[in-house]
Amino acid sequence: MNVTDAVAARRSVRGFLETPVEADVLKRIVTKAARAATGGNLQPWHIDLVTGESLARLKAMMMAKLLSGETEEHAYAIYPPSLTAPYRDRRFAVGEAMYAEIGIPREDKAARRLWFARNFQFFGAPAALFCTVDRQMGSPQWADLGMYLQNVMLLAVEAGLATCAQECWAVYPETITGFLGTPPERMLFCGMSIGYEDESEPANRLRTARAPEGEWLTVRS
């Protein structure tokens, strides 16, 4: 598979098979991904892979927290609080498109909350990773995290796997860093579901649109 094909194939998958992913495959992916570009070669990412009994324990822990209504202070604002167009419109559109695929209307708030809760079960994925970063790092280093994670997702495609990057885990930072034993100088950035796609899952029919290049591309010569 070439890079162009991997970029085109990568997408957020929200339904996985129970088929385990071999530990060697996961380790190879996250290790290869570390060739990502990084300013000053800081390599600011720290990755925790979670599978097997550990993942099952985390899923059970999160289910209990959601059922009890327990909340935590967010690690950071996932979206700007006053998001303007066109960004706000794009976010709204992808949400509506996903719920249309799974047949949950806008007015059924309870069903939408139940669906969103599947994030915290990794959509059934048998493997996950968490990315944490030293608190002294700034915006440039957070961009480095994105480049690393993109490498992970593309290498997963090459290996026949699917992924879903999940910033939603930032709403439970105390739980996750406590579970992982993350030292206090590091903060949680995101999680990621990893596994084999369940092609029968309706949500996986979603193919998100991309803005036409005229909206974001300027060429000067």
# chains A, B, ... in the order shown; residues from 1 in each chain; ligands from 1
$ select_by_dssp --residues "segment 111-217 of chain A" --states "strand (DSSP E or B)" --output "PDB file with N, CA and C atoms, in the first residue's frame"
ATOM      1  N   ALA A 127      -8.078  -3.262  21.360  1.00  0.00           N
ATOM      2  CA  ALA A 127      -6.813  -2.616  21.718  1.00  0.00           C
ATOM      3  C   ALA A 127      -6.998  -1.107  21.711  1.00  0.00           C
ATOM      4  N   ALA A 128      -6.188  -0.444  22.510  1.00  0.00           N
ATOM      5  CA  ALA A 128      -6.275   1.010  22.582  1.00  0.00           C
ATOM      6  C   ALA A 128      -4.907   1.569  22.931  1.00  0.00           C
ATOM      7  N   LEU A 129      -4.733   2.827  22.632  1.00  0.00           N
ATOM      8  CA  LEU A 129      -3.545   3.531  23.110  1.00  0.00           C
ATOM      9  C   LEU A 129      -3.984   4.850  23.721  1.00  0.00           C
ATOM     10  N   PHE A 130      -3.150   5.342  24.620  1.00  0.00           N
ATOM     11  CA  PHE A 130      -3.326   6.673  25.176  1.00  0.00           C
ATOM     12  C   PHE A 130      -2.040   7.450  24.938  1.00  0.00           C
ATOM     13  N   CYS A 131      -2.202   8.719  24.594  1.00  0.00           N
ATOM     14  CA  CYS A 131      -1.076   9.608  24.344  1.00  0.00           C
ATOM     15  C   CYS A 131      -1.053  10.678  25.428  1.00  0.00           C
ATOM     16  N   THR A 132       0.050  10.748  26.151  1.00  0.00           N
ATOM     17  CA  THR A 132       0.225  11.793  27.158  1.00  0.00           C
ATOM     18  C   THR A 132       1.438  12.642  26.786  1.00  0.00           C
ATOM     19  N   VAL A 133       1.518  13.828  27.377  1.00  0.00           N
ATOM     20  CA  VAL A 133       2.576  14.769  27.019  1.00  0.00           C
ATOM     21  C   VAL A 133       2.993  15.550  28.261  1.00  0.00           C
ATOM     22  N   ASP A 134       4.261  15.880  28.336  1.00  0.00           N
ATOM     23  CA  ASP A 134       4.776  16.657  29.455  1.00  0.00           C
ATOM     24  C   ASP A 134       4.080  18.018  29.498  1.00  0.00           C
ATOM     25  N   ALA A 162      -8.074  -0.823  11.694  1.00  0.00           N
ATOM     26  CA  ALA A 162      -8.835   0.421  11.709  1.00  0.00           C
ATOM     27  C   ALA A 162      -8.590   1.131  13.033  1.00  0.00           C
ATOM     28  N   THR A 163      -8.850   2.434  13.053  1.00  0.00           N
ATOM     29  CA  THR A 163      -8.611   3.234  14.256  1.00  0.00           C
ATOM     30  C   THR A 163      -9.706   4.274  14.434  1.00  0.00           C
ATOM     31  N   CYS A 164      -9.757   4.799  15.631  1.00  0.00           N
ATOM     32  CA  CYS A 164     -10.576   5.986  15.907  1.00  0.00           C
ATOM     33  C   CYS A 164      -9.849   6.803  16.965  1.00  0.00           C
ATOM     34  N   ALA A 165      -9.311   7.940  16.566  1.00  0.00           N
ATOM     35  CA  ALA A 165      -8.666   8.839  17.527  1.00  0.00           C
ATOM     36  C   ALA A 165      -9.746   9.506  18.367  1.00  0.00           C
ATOM     37  N   GLN A 166      -9.527   9.591  19.688  1.00  0.00           N
ATOM     38  CA  GLN A 166     -10.593  10.025  20.596  1.00  0.00           C
ATOM     39  C   GLN A 166     -10.092  11.046  21.619  1.00  0.00           C
ATOM     40  N   ARG A 186       3.033  14.750  33.490  1.00  0.00           N
ATOM     41  CA  ARG A 186       2.457  14.505  32.165  1.00  0.00           C
ATOM     42  C   ARG A 186       0.945  14.611  32.223  1.00  0.00           C
ATOM     43  N   MET A 187       0.351  15.133  31.129  1.00  0.00           N
ATOM     44  CA  MET A 187      -1.101  15.245  31.033  1.00  0.00           C
ATOM     45  C   MET A 187      -1.601  14.409  29.874  1.00  0.00           C
ATOM     46  N   LEU A 188      -2.858  14.039  29.957  1.00  0.00           N
ATOM     47  CA  LEU A 188      -3.496  13.233  28.921  1.00  0.00           C
ATOM     48  C   LEU A 188      -3.860  14.095  27.735  1.00  0.00           C
ATOM     49  N   PHE A 189      -3.515  13.635  26.540  1.00  0.00           N
ATOM     50  CA  PHE A 189      -3.973  14.297  25.316  1.00  0.00           C
ATOM     51  C   PHE A 189      -5.167  13.560  24.725  1.00  0.00           C
ATOM     52  N   CYS A 190      -5.014  12.285  24.387  1.00  0.00           N
ATOM     53  CA  CYS A 190      -6.134  11.586  23.755  1.00  0.00           C
ATOM     54  C   CYS A 190      -5.966  10.085  23.895  1.00  0.00           C
ATOM     55  N   GLY A 191      -7.001   9.371  23.502  1.00  0.00           N
ATOM     56  CA  GLY A 191      -6.946   7.926  23.367  1.00  0.00           C
ATOM     57  C   GLY A 191      -7.149   7.557  21.910  1.00  0.00           C
ATOM     58  N   MET A 192      -7.050   6.272  21.613  1.00  0.00           N
ATOM     59  CA  MET A 192      -7.308   5.793  20.251  1.00  0.00           C
ATOM     60  C   MET A 192      -7.750   4.339  20.309  1.00  0.00           C
ATOM     61  N   SER A 193      -8.850   4.047  19.650  1.00  0.00           N
ATOM     62  CA  SER A 193      -9.312   2.672  19.500  1.00  0.00           C
ATOM     63  C   SER A 193      -8.594   2.042  18.318  1.00  0.00           C
ATOM     64  N   ILE A 194      -8.186   0.780  18.458  1.00  0.00           N
ATOM     65  CA  ILE A 194      -7.469   0.080  17.404  1.00  0.00           C
ATOM     66  C   ILE A 194      -7.997  -1.346  17.293  1.00  0.00           C
ATOM     67  N   GLY A 195      -8.281  -1.775  16.084  1.00  0.00           N
ATOM     68  CA  GLY A 195      -8.733  -3.150  15.885  1.00  0.00           C
ATOM     69  C   GLY A 195      -9.139  -3.386  14.443  1.00  0.00           C
ATOM     70  N   GLU A 197     -12.066  -3.622  11.679  1.00  0.00           N
ATOM     71  CA  GLU A 197     -13.373  -2.996  11.461  1.00  0.00           C
ATOM     72  C   GLU A 197     -14.499  -4.020  11.400  1.00  0.00           C
TER      73      GLU A 197
END
$ residues_around --residues "segment 44-46 of chain A" --least-positions-apart "4" --cutoff "12 Å" --atoms "only C-alpha atoms" --output "PyMOL selection string"
chain A and resi 30-31+33-40+129-149+180+182-183+185-191
$ closest_residue --among "A:Thr218, A:Asn2, A:Gln121, A:Thr177" --to "Met63 of chain A" --atoms "only C-alpha atoms"
A:Gln121
$ residues_around --residues "Ala159 of chain A" --least-positions-apart "4" --cutoff "10 Å" --atoms "only C-alpha atoms" --output "list in words"
Met1, Val25, Leu26, Ile29, Met153, Leu154, Leu155 and Tyr196 of chain A
$ write_last_selection --atoms "N, CA and C atoms" --output "tab-separated table (two decimals), in the first residue's frame"
chain	number	residue	atom	x	y	z
A	1	MET	N	0.85	-1.19	0.00
A	1	MET	CA	0.00	0.00	0.00
A	1	MET	C	0.88	1.24	0.00
A	25	VAL	N	2.31	-6.69	16.52
A	25	VAL	CA	1.82	-5.79	15.47
A	25	VAL	C	1.63	-4.39	16.04
A	26	LEU	N	1.00	-4.31	17.20
A	26	LEU	CA	0.77	-3.01	17.83
A	26	LEU	C	2.10	-2.32	18.16
A	29	ILE	N	3.77	-0.95	15.05
A	29	ILE	CA	3.13	0.26	14.53
A	29	ILE	C	3.54	1.49	15.32
A	153	MET	N	-2.05	5.97	12.67
A	153	MET	CA	-3.27	5.62	11.95
A	153	MET	C	-2.99	5.13	10.53
A	154	LEU	N	-2.02	5.73	9.86
A	154	LEU	CA	-1.67	5.29	8.51
A	154	LEU	C	-0.98	3.92	8.53
A	155	LEU	N	-0.12	3.71	9.50
A	155	LEU	CA	0.52	2.41	9.62
A	155	LEU	C	-0.48	1.33	10.00
A	196	TYR	N	-9.89	-4.47	14.25
A	196	TYR	CA	-10.38	-4.80	12.92
A	196	TYR	C	-11.81	-4.29	12.77
$ closest_residue --among "A:Tyr87, A:Tyr99, A:Tyr79, A:Phe122" --to "Met62 of chain A" --atoms "only C-alpha atoms"
A:Phe122
$ atom_distance --atom1 "atom CA of Thr51 of chain A" --atom2 "atom CA of Arg11 of chain A"
21.5 Å
$ select_by_dssp --residues "chain A" --states "helix (DSSP H, G or I)" --output "short mmCIF file (atom, residue, chain, number, x, y, z; two decimals) with N, CA and C atoms, in the first residue's frame"
data_model
loop_
_atom_site.label_atom_id
_atom_site.label_comp_id
_atom_site.auth_asym_id
_atom_site.auth_seq_id
_atom_site.Cartn_x
_atom_site.Cartn_y
_atom_site.Cartn_z
N VAL A 3 1.42 5.55 0.26
CA VAL A 3 0.96 6.56 1.22
C VAL A 3 -0.36 7.18 0.77
N THR A 4 -0.49 7.45 -0.52
CA THR A 4 -1.73 8.05 -1.03
C THR A 4 -2.93 7.17 -0.71
N ASP A 5 -2.80 5.86 -0.92
CA ASP A 5 -3.91 4.95 -0.65
C ASP A 5 -4.22 4.89 0.84
N ALA A 6 -3.17 4.91 1.67
CA ALA A 6 -3.38 4.85 3.11
C ALA A 6 -4.10 6.09 3.61
N VAL A 7 -3.72 7.26 3.10
CA VAL A 7 -4.38 8.51 3.49
C VAL A 7 -5.85 8.48 3.10
N ALA A 8 -6.13 7.98 1.89
CA ALA A 8 -7.51 7.93 1.42
C ALA A 8 -8.35 6.93 2.22
N ALA A 9 -7.71 5.85 2.67
CA ALA A 9 -8.45 4.79 3.37
C ALA A 9 -8.67 5.09 4.84
N ALA A 23 0.17 -8.44 19.86
CA ALA A 23 0.95 -7.42 20.56
C ALA A 23 2.14 -6.96 19.73
N ASP A 24 2.76 -7.87 19.00
CA ASP A 24 3.91 -7.50 18.17
C ASP A 24 3.51 -6.53 17.07
N VAL A 25 2.31 -6.69 16.52
CA VAL A 25 1.82 -5.79 15.47
C VAL A 25 1.63 -4.39 16.04
N LEU A 26 1.00 -4.31 17.20
CA LEU A 26 0.77 -3.01 17.83
C LEU A 26 2.10 -2.32 18.16
N LYS A 27 3.02 -3.07 18.74
CA LYS A 27 4.31 -2.48 19.11
C LYS A 27 5.06 -2.01 17.88
N ARG A 28 4.98 -2.78 16.80
CA ARG A 28 5.67 -2.38 15.57
C ARG A 28 5.08 -1.08 15.01
N ILE A 29 3.77 -0.95 15.05
CA ILE A 29 3.13 0.26 14.53
C ILE A 29 3.54 1.49 15.32
N VAL A 30 3.43 1.42 16.65
CA VAL A 30 3.71 2.61 17.45
C VAL A 30 5.20 2.96 17.44
N THR A 31 6.03 1.95 17.22
CA THR A 31 7.47 2.21 17.14
C THR A 31 7.84 2.86 15.81
N LYS A 32 7.30 2.34 14.72
CA LYS A 32 7.55 2.93 13.40
C LYS A 32 7.05 4.37 13.35
N ALA A 33 5.93 4.63 14.01
CA ALA A 33 5.31 5.96 13.97
C ALA A 33 6.22 7.02 14.57
N ALA A 34 7.16 6.62 15.39
CA ALA A 34 8.04 7.57 16.06
C ALA A 34 9.02 8.26 15.11
N ARG A 35 8.99 7.89 13.82
CA ARG A 35 9.76 8.63 12.83
C ARG A 35 9.04 9.92 12.43
N GLY A 39 9.65 19.11 16.06
CA GLY A 39 10.52 20.27 16.19
C GLY A 39 11.62 20.04 17.20
N GLY A 40 12.88 20.30 16.78
CA GLY A 40 14.02 20.13 17.67
C GLY A 40 14.25 18.69 18.10
N ASN A 41 13.57 17.76 17.41
CA ASN A 41 13.66 16.33 17.76
C ASN A 41 13.26 16.06 19.21
N GLY A 52 -6.24 -6.68 26.35
CA GLY A 52 -6.55 -7.82 27.22
C GLY A 52 -7.29 -7.48 28.49
N GLU A 53 -6.84 -8.06 29.60
CA GLU A 53 -7.52 -7.87 30.88
C GLU A 53 -7.48 -6.41 31.34
N SER A 54 -6.39 -5.72 31.04
CA SER A 54 -6.30 -4.31 31.43
C SER A 54 -7.37 -3.49 30.73
N LEU A 55 -7.58 -3.75 29.44
CA LEU A 55 -8.60 -3.02 28.71
C LEU A 55 -9.99 -3.36 29.22
N ALA A 56 -10.23 -4.62 29.51
CA ALA A 56 -11.53 -5.03 30.05
C ALA A 56 -11.79 -4.33 31.38
N ARG A 57 -10.76 -4.22 32.20
CA ARG A 57 -10.92 -3.56 33.49
C ARG A 57 -11.23 -2.07 33.32
N LEU A 58 -10.56 -1.44 32.36
CA LEU A 58 -10.82 -0.02 32.11
C LEU A 58 -12.24 0.20 31.58
N LYS A 59 -12.68 -0.66 30.68
CA LYS A 59 -14.04 -0.54 30.15
C LYS A 59 -15.07 -0.67 31.26
N ALA A 60 -14.86 -1.62 32.18
CA ALA A 60 -15.79 -1.80 33.29
C ALA A 60 -15.78 -0.58 34.21
N MET A 61 -14.60 -0.03 34.45
CA MET A 61 -14.48 1.16 35.28
C MET A 61 -15.24 2.33 34.66
N MET A 62 -15.09 2.51 33.36
CA MET A 62 -15.77 3.62 32.69
C MET A 62 -17.27 3.42 32.65
N MET A 63 -17.71 2.20 32.46
CA MET A 63 -19.15 1.94 32.48
C MET A 63 -19.76 2.34 33.81
N ALA A 64 -19.07 2.01 34.91
CA ALA A 64 -19.55 2.36 36.24
C ALA A 64 -19.61 3.87 36.43
N LYS A 65 -18.60 4.58 35.94
CA LYS A 65 -18.57 6.03 36.08
C LYS A 65 -19.70 6.68 35.29
N LEU A 66 -19.94 6.20 34.08
CA LEU A 66 -21.01 6.79 33.26
C LEU A 66 -22.38 6.51 33.87
N LEU A 67 -22.57 5.32 34.39
CA LEU A 67 -23.86 4.98 34.99
C LEU A 67 -24.13 5.80 36.25
N SER A 68 -23.06 6.13 36.97
CA SER A 68 -23.22 6.92 38.20
C SER A 68 -23.29 8.41 37.93
N TYR A 87 -16.08 26.40 10.81
CA TYR A 87 -15.66 25.26 11.63
C TYR A 87 -16.83 24.68 12.42
N ARG A 88 -17.64 25.57 12.99
CA ARG A 88 -18.82 25.12 13.73
C ARG A 88 -19.75 24.34 12.81
N ASP A 89 -19.92 24.81 11.59
CA ASP A 89 -20.83 24.15 10.65
C ASP A 89 -20.31 22.76 10.26
N ARG A 90 -19.01 22.64 10.09
CA ARG A 90 -18.44 21.34 9.74
C ARG A 90 -18.64 20.35 10.88
N ARG A 91 -18.43 20.82 12.10
CA ARG A 91 -18.61 19.93 13.25
C ARG A 91 -20.07 19.47 13.35
N PHE A 92 -20.99 20.38 13.17
CA PHE A 92 -22.41 20.04 13.23
C PHE A 92 -22.77 19.05 12.13
N ALA A 93 -22.25 19.29 10.94
CA ALA A 93 -22.60 18.46 9.79
C ALA A 93 -22.14 17.02 9.96
N VAL A 94 -20.92 16.83 10.49
CA VAL A 94 -20.43 15.46 10.63
C VAL A 94 -21.22 14.72 11.71
N GLY A 95 -21.62 15.42 12.77
CA GLY A 95 -22.43 14.79 13.79
C GLY A 95 -23.78 14.36 13.26
N GLU A 96 -24.42 15.22 12.50
CA GLU A 96 -25.72 14.89 11.92
C GLU A 96 -25.60 13.74 10.92
N ALA A 97 -24.51 13.74 10.15
CA ALA A 97 -24.32 12.66 9.17
C ALA A 97 -24.14 11.32 9.87
N MET A 98 -23.40 11.30 10.98
CA MET A 98 -23.19 10.04 11.69
C MET A 98 -24.49 9.52 12.28
N TYR A 99 -25.24 10.42 12.95
CA TYR A 99 -26.49 9.97 13.56
C TYR A 99 -27.52 9.56 12.51
N ALA A 100 -27.44 10.14 11.33
CA ALA A 100 -28.33 9.71 10.24
C ALA A 100 -28.00 8.28 9.83
N GLU A 101 -26.72 7.93 9.80
CA GLU A 101 -26.32 6.57 9.42
C GLU A 101 -26.85 5.54 10.41
N ILE A 102 -26.86 5.89 11.69
CA ILE A 102 -27.30 4.91 12.70
C ILE A 102 -28.76 5.09 13.08
N LYS A 109 -32.49 12.69 22.40
CA LYS A 109 -31.26 13.01 23.12
C LYS A 109 -30.72 11.83 23.93
N ALA A 110 -31.64 11.04 24.51
CA ALA A 110 -31.21 9.91 25.33
C ALA A 110 -30.46 8.89 24.49
N ALA A 111 -30.98 8.61 23.31
CA ALA A 111 -30.31 7.64 22.43
C ALA A 111 -28.96 8.16 21.98
N ARG A 112 -28.88 9.46 21.75
CA ARG A 112 -27.59 10.03 21.35
C ARG A 112 -26.57 9.95 22.48
N ARG A 113 -27.01 10.16 23.70
CA ARG A 113 -26.09 10.04 24.84
C ARG A 113 -25.59 8.60 24.99
N LEU A 114 -26.50 7.64 24.79
CA LEU A 114 -26.11 6.24 24.88
C LEU A 114 -25.09 5.89 23.79
N TRP A 115 -25.32 6.43 22.59
CA TRP A 115 -24.37 6.16 21.51
C TRP A 115 -23.01 6.77 21.83
N PHE A 116 -23.02 8.02 22.31
CA PHE A 116 -21.76 8.68 22.63
C PHE A 116 -20.99 7.91 23.70
N ALA A 117 -21.71 7.28 24.61
CA ALA A 117 -21.06 6.51 25.68
C ALA A 117 -20.23 5.37 25.13
N ARG A 118 -20.49 4.94 23.90
CA ARG A 118 -19.71 3.86 23.29
C ARG A 118 -18.25 4.29 23.09
N ASN A 119 -18.02 5.60 23.03
CA ASN A 119 -16.63 6.08 22.98
C ASN A 119 -15.81 5.48 24.10
N PHE A 120 -16.41 5.40 25.28
CA PHE A 120 -15.69 4.99 26.47
C PHE A 120 -15.62 3.47 26.63
N GLN A 121 -16.14 2.77 25.62
CA GLN A 121 -15.93 1.33 25.49
C GLN A 121 -15.06 1.05 24.26
N PHE A 122 -14.45 2.09 23.72
CA PHE A 122 -13.59 1.98 22.54
C PHE A 122 -14.33 1.35 21.35
N PHE A 123 -15.65 1.54 21.32
CA PHE A 123 -16.47 1.00 20.24
C PHE A 123 -16.24 -0.49 20.03
N GLY A 124 -15.92 -1.18 21.12
CA GLY A 124 -15.71 -2.62 21.05
C GLY A 124 -14.34 -3.05 20.60
N SER A 139 2.06 24.63 22.20
CA SER A 139 1.31 24.33 20.97
C SER A 139 2.16 23.66 19.90
N PRO A 140 3.40 24.08 19.65
CA PRO A 140 4.20 23.40 18.63
C PRO A 140 4.38 21.91 18.91
N GLN A 141 4.57 21.57 20.18
CA GLN A 141 4.77 20.16 20.52
C GLN A 141 3.46 19.37 20.42
N TRP A 142 2.33 20.04 20.67
CA TRP A 142 1.05 19.36 20.48
C TRP A 142 0.84 19.05 19.00
N ALA A 143 1.34 19.92 18.13
CA ALA A 143 1.29 19.62 16.69
C ALA A 143 2.13 18.38 16.39
N ASP A 144 3.26 18.22 17.10
CA ASP A 144 4.08 17.02 16.93
C ASP A 144 3.30 15.77 17.32
N LEU A 145 2.49 15.86 18.37
CA LEU A 145 1.67 14.72 18.77
C LEU A 145 0.74 14.31 17.63
N GLY A 146 0.15 15.31 16.97
CA GLY A 146 -0.75 15.01 15.86
C GLY A 146 -0.04 14.30 14.73
N MET A 147 1.20 14.71 14.45
CA MET A 147 1.94 14.05 13.37
C MET A 147 2.28 12.62 13.75
N TYR A 148 2.62 12.39 15.02
CA TYR A 148 2.89 11.03 15.48
C TYR A 148 1.63 10.17 15.34
N LEU A 149 0.51 10.69 15.82
CA LEU A 149 -0.74 9.92 15.80
C LEU A 149 -1.21 9.64 14.39
N GLN A 150 -1.00 10.59 13.47
CA GLN A 150 -1.34 10.35 12.08
C GLN A 150 -0.50 9.19 11.53
N ASN A 151 0.77 9.15 11.89
CA ASN A 151 1.60 8.02 11.48
C ASN A 151 1.04 6.70 11.99
N VAL A 152 0.61 6.69 13.25
CA VAL A 152 0.03 5.47 13.81
C VAL A 152 -1.17 5.03 12.99
N MET A 153 -2.05 5.97 12.67
CA MET A 153 -3.27 5.62 11.95
C MET A 153 -2.99 5.13 10.53
N LEU A 154 -2.02 5.73 9.86
CA LEU A 154 -1.67 5.29 8.51
C LEU A 154 -0.98 3.92 8.53
N LEU A 155 -0.12 3.71 9.50
CA LEU A 155 0.52 2.41 9.62
C LEU A 155 -0.48 1.33 10.00
N ALA A 156 -1.49 1.68 10.75
CA ALA A 156 -2.56 0.74 11.07
C ALA A 156 -3.30 0.33 9.80
N VAL A 157 -3.60 1.29 8.94
CA VAL A 157 -4.24 0.98 7.67
C VAL A 157 -3.38 -0.01 6.88
N GLU A 158 -2.10 0.26 6.82
CA GLU A 158 -1.18 -0.63 6.10
C GLU A 158 -1.24 -2.05 6.65
N GLU A 167 -10.34 12.31 21.32
CA GLU A 167 -10.03 13.36 22.29
C GLU A 167 -11.03 13.36 23.44
N CYS A 168 -12.14 12.63 23.28
CA CYS A 168 -13.16 12.60 24.33
C CYS A 168 -12.61 12.11 25.67
N TRP A 169 -11.51 11.36 25.64
CA TRP A 169 -10.94 10.88 26.89
C TRP A 169 -10.43 12.01 27.76
N ALA A 170 -10.26 13.19 27.18
CA ALA A 170 -9.80 14.34 27.95
C ALA A 170 -10.83 14.79 28.98
N VAL A 171 -12.06 14.26 28.92
CA VAL A 171 -13.05 14.63 29.93
C VAL A 171 -12.93 13.76 31.18
N PRO A 173 -9.63 12.88 32.67
CA PRO A 173 -8.17 12.81 32.79
C PRO A 173 -7.69 12.16 34.09
N GLU A 174 -8.39 12.40 35.20
CA GLU A 174 -7.95 11.83 36.47
C GLU A 174 -8.08 10.31 36.45
N THR A 175 -9.18 9.84 35.89
CA THR A 175 -9.40 8.40 35.82
C THR A 175 -8.32 7.72 34.97
N ILE A 176 -8.05 8.29 33.80
CA ILE A 176 -7.13 7.64 32.88
C ILE A 176 -5.69 7.73 33.37
N THR A 177 -5.26 8.89 33.83
CA THR A 177 -3.89 8.99 34.31
C THR A 177 -3.68 8.15 35.57
N GLY A 178 -4.73 8.04 36.39
CA GLY A 178 -4.63 7.17 37.56
C GLY A 178 -4.54 5.71 37.15
N PHE A 179 -5.34 5.32 36.18
CA PHE A 179 -5.33 3.95 35.69
C PHE A 179 -3.97 3.59 35.09
N LEU A 180 -3.41 4.53 34.32
CA LEU A 180 -2.13 4.28 33.64
C LEU A 180 -0.93 4.46 34.56
N PRO A 202 -23.45 0.07 11.19
CA PRO A 202 -23.95 1.16 10.34
C PRO A 202 -23.11 2.44 10.41
N ALA A 203 -22.57 2.75 11.58
CA ALA A 203 -21.78 3.99 11.71
C ALA A 203 -20.56 3.97 10.81
N ASN A 204 -20.09 2.78 10.46
CA ASN A 204 -18.89 2.69 9.64
C ASN A 204 -19.16 2.97 8.17
N ARG A 205 -20.41 3.21 7.83
CA ARG A 205 -20.72 3.63 6.46
C ARG A 205 -20.39 5.10 6.23
N GLU A 213 -10.99 22.76 -2.00
CA GLU A 213 -9.70 23.42 -1.82
C GLU A 213 -9.81 24.94 -1.92
N GLY A 214 -10.82 25.42 -2.61
CA GLY A 214 -11.00 26.87 -2.73
C GLY A 214 -11.23 27.55 -1.39
N GLU A 215 -11.68 26.78 -0.39
CA GLU A 215 -11.94 27.35 0.92
C GLU A 215 -10.67 27.50 1.77
#
